[in-house]
Amino acid sequence: MKLYTVNGETRSISGWAELADVSRQAMFKRIVRARKISPEEVEAELVRPKSQGRRTDLKKLKKS
């Protein structure tokens, strides 16, 4: 099991997910996306609280 430490507090993905009030799967997705950017972004995602979801079924409108 991989552990992540932020500000001296170490938890598993499940532990951070519980703290942020999101599912373990949502937390894992946050971490995977953030790893592509930077280690600092991973830390930010671990402590970011639950946010309202995005609709993925809508396409952006093209200006004509």
# chains A, B, ... in the order shown; residues from 1 in each chain; ligands from 1
>>> residues_around(residues="stretch 32-35 of chain A", least_positions_apart="5", cutoff="8 Å", atoms="only C-alpha atoms", output="number ranges by chain")
A: 41-42, 45
>>> write_last_selection(atoms="N, CA and C atoms", output="short mmCIF file (atom, residue, chain, number, x, y, z; two decimals), in the first residue's frame")
data_model
loop_
_atom_site.label_atom_id
_atom_site.label_comp_id
_atom_site.auth_asym_id
_atom_site.auth_seq_id
_atom_site.Cartn_x
_atom_site.Cartn_y
_atom_site.Cartn_z
N GLU A 41 1.44 19.33 -7.07
CA GLU A 41 0.03 19.21 -7.47
C GLU A 41 -0.61 17.98 -6.83
N VAL A 42 0.16 16.91 -6.66
CA VAL A 42 -0.36 15.71 -5.98
C VAL A 42 -0.75 16.08 -4.55
N GLU A 45 -3.98 18.03 -4.50
CA GLU A 45 -5.16 17.20 -4.76
C GLU A 45 -5.54 16.34 -3.56
#
>>> residues_around(residues="A:Gly15", least_positions_apart="2", cutoff="10 Å", atoms="only C-alpha atoms", output="short mmCIF file (atom, residue, chain, number, x, y, z; two decimals) with N, CA and C atoms, in the first residue's frame")
data_model
loop_
_atom_site.label_atom_id
_atom_site.label_comp_id
_atom_site.auth_asym_id
_atom_site.auth_seq_id
_atom_site.Cartn_x
_atom_site.Cartn_y
_atom_site.Cartn_z
N LEU A 3 1.71 5.10 0.63
CA LEU A 3 1.31 6.15 1.56
C LEU A 3 1.76 7.50 1.04
N TYR A 4 0.98 8.52 1.31
CA TYR A 4 1.29 9.88 0.88
C TYR A 4 1.35 10.77 2.12
N THR A 10 0.64 11.40 7.27
CA THR A 10 0.77 10.30 6.31
C THR A 10 -0.50 9.46 6.33
N ARG A 11 -1.03 9.23 5.14
CA ARG A 11 -2.24 8.43 4.99
C ARG A 11 -2.19 7.66 3.68
N SER A 12 -3.03 6.66 3.58
CA SER A 12 -3.21 5.92 2.32
C SER A 12 -4.18 6.71 1.44
N ILE A 13 -4.37 6.26 0.21
CA ILE A 13 -5.35 6.90 -0.67
C ILE A 13 -6.72 6.87 -0.02
N ALA A 17 -8.94 10.07 0.92
CA ALA A 17 -10.28 10.15 0.33
C ALA A 17 -11.33 10.39 1.40
N GLU A 18 -11.21 9.68 2.51
CA GLU A 18 -12.16 9.85 3.61
C GLU A 18 -12.09 11.27 4.15
N LEU A 19 -10.89 11.80 4.31
CA LEU A 19 -10.71 13.15 4.81
C LEU A 19 -11.33 14.19 3.87
N ALA A 20 -11.19 13.97 2.55
CA ALA A 20 -11.72 14.91 1.56
C ALA A 20 -13.17 14.64 1.21
N ASP A 21 -13.75 13.58 1.78
CA ASP A 21 -15.14 13.20 1.55
C ASP A 21 -15.39 12.86 0.07
N ARG A 24 -12.60 6.49 -2.90
CA ARG A 24 -11.21 6.09 -3.12
C ARG A 24 -10.87 6.19 -4.60
N MET A 27 -10.25 9.80 -5.56
CA MET A 27 -8.94 10.26 -5.07
C MET A 27 -7.83 9.69 -5.94
N LEU A 46 -4.56 15.91 -2.78
CA LEU A 46 -4.85 15.09 -1.61
C LEU A 46 -5.67 15.84 -0.57
#
>>> atom_distance(atom1="atom CA of A:Val6", atom2="atom CA of A:Glu43")
6.1 Å
